[in-house]
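Here's the structure, in structure tokens; my notes come after.
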Amino acid sequence: MRALYPGSFDPVTEGHQHVLRRAASLFDEVVVCVMANASKRGRFPIAERLERLRP
């Protein structure tokens with residue numbers, strides 16, 4: 001079974017990582033969708049957020 005975990009992750013927090021670890025133990029695959037809100041200025045570039053979410 002596959003799960004989708006969408007969010008801006010700006011910044012990535014321990015809470016985000018905790019949810020991701022728990023989801024990984026429950027699902028065969030967890031797809032993390034890092035999004036940008038065009039009406040807000042992000043603190044970190046998407047590439048950096050992706051790097052912080054990689055195992």
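Here's how to read the names in the structure tokens: chain A, B, ... by the order shown, residue numbers from 1 in each chain, ligand numbers from 1 in the order shown.
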Selection near A:Pro11, 8 Å with only C-alpha atoms, sequence-local residues under 4 positions removed, as a list in words: Arg43, Phe44 and Arg49 of chain A
What would the file look like if the residues just selected were written as a compact mmCIF listing (two decimals), in the first residue's frame with C-alpha atoms?
```
# COMPACT_ATOMS: atom_id res chain seq x y z
CA ARG A 43 12.81 30.14 3.94
CA PHE A 44 14.65 27.33 2.17
CA ARG A 49 14.11 20.74 1.78
```
Can you tell me which residues surround A:Gly42 at a distance of at most 9 Å, considering only C-alpha atoms, apart from same-chain residues fewer than 4 positions away, and format the answer as a ChimeraX atom specification? /A:8,10-11,36-38,46
What would the file look like if the residues just selected were written as a PDB file, in the first residue's frame with N, CA and C atoms?
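Listing of again_26.pdb after writing:
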```
ATOM      1  N   SER A   8       4.737  21.706   2.666  1.00  0.00           N
ATOM      2  CA  SER A   8       5.783  22.623   2.220  1.00  0.00           C
ATOM      3  C   SER A   8       7.116  22.279   2.900  1.00  0.00           C
ATOM      4  N   ASP A  10       8.803  23.617   5.232  1.00  0.00           N
ATOM      5  CA  ASP A  10       9.652  24.803   5.225  1.00  0.00           C
ATOM      6  C   ASP A  10       9.606  25.499   6.581  1.00  0.00           C
ATOM      7  N   PRO A  11      10.451  25.104   7.493  1.00  0.00           N
ATOM      8  CA  PRO A  11      11.544  24.147   7.408  1.00  0.00           C
ATOM      9  C   PRO A  11      11.093  22.742   7.780  1.00  0.00           C
ATOM     10  N   ALA A  36       5.515  24.211  -2.988  1.00  0.00           N
ATOM     11  CA  ALA A  36       5.791  25.624  -2.728  1.00  0.00           C
ATOM     12  C   ALA A  36       4.487  26.402  -2.829  1.00  0.00           C
ATOM     13  N   ASN A  37       4.307  27.339  -1.929  1.00  0.00           N
ATOM     14  CA  ASN A  37       3.149  28.216  -1.953  1.00  0.00           C
ATOM     15  C   ASN A  37       3.572  29.492  -2.674  1.00  0.00           C
ATOM     16  N   ALA A  38       3.012  29.735  -3.849  1.00  0.00           N
ATOM     17  CA  ALA A  38       3.413  30.886  -4.668  1.00  0.00           C
ATOM     18  C   ALA A  38       3.117  32.222  -3.983  1.00  0.00           C
ATOM     19  N   ILE A  46      13.520  24.562  -2.415  1.00  0.00           N
ATOM     20  CA  ILE A  46      12.942  23.218  -2.441  1.00  0.00           C
ATOM     21  C   ILE A  46      14.036  22.158  -2.467  1.00  0.00           C
TER      22      ILE A  46
END
```
So which residues of chain A fall under strand (DSSP E or B) by DSSP, listed as a count of residues only? 12
Point-to-point distance from atom CA of A:Asp28 to atom CA of A:Pro45, Å rounded to tenths: 28.5 Å
Which is closer to A:Ala3 than all the others in A:Gly15, A:Arg41, A:Phe27, A:Arg22, using only C-alpha atoms? A:Phe27
Near-stretch 52-55 of chain A list (12 Å; only C-alpha atoms; drop same-chain fewer than 6 positions) as a PyMOL selection string: chain A and resi 5+7-21+24+30-34+44-46
Pull the helix (DSSP H, G or I) assignments for chain A out of DSSP run on the backbone, and list those residues as number ranges by chain. A: 14-26, 46-53
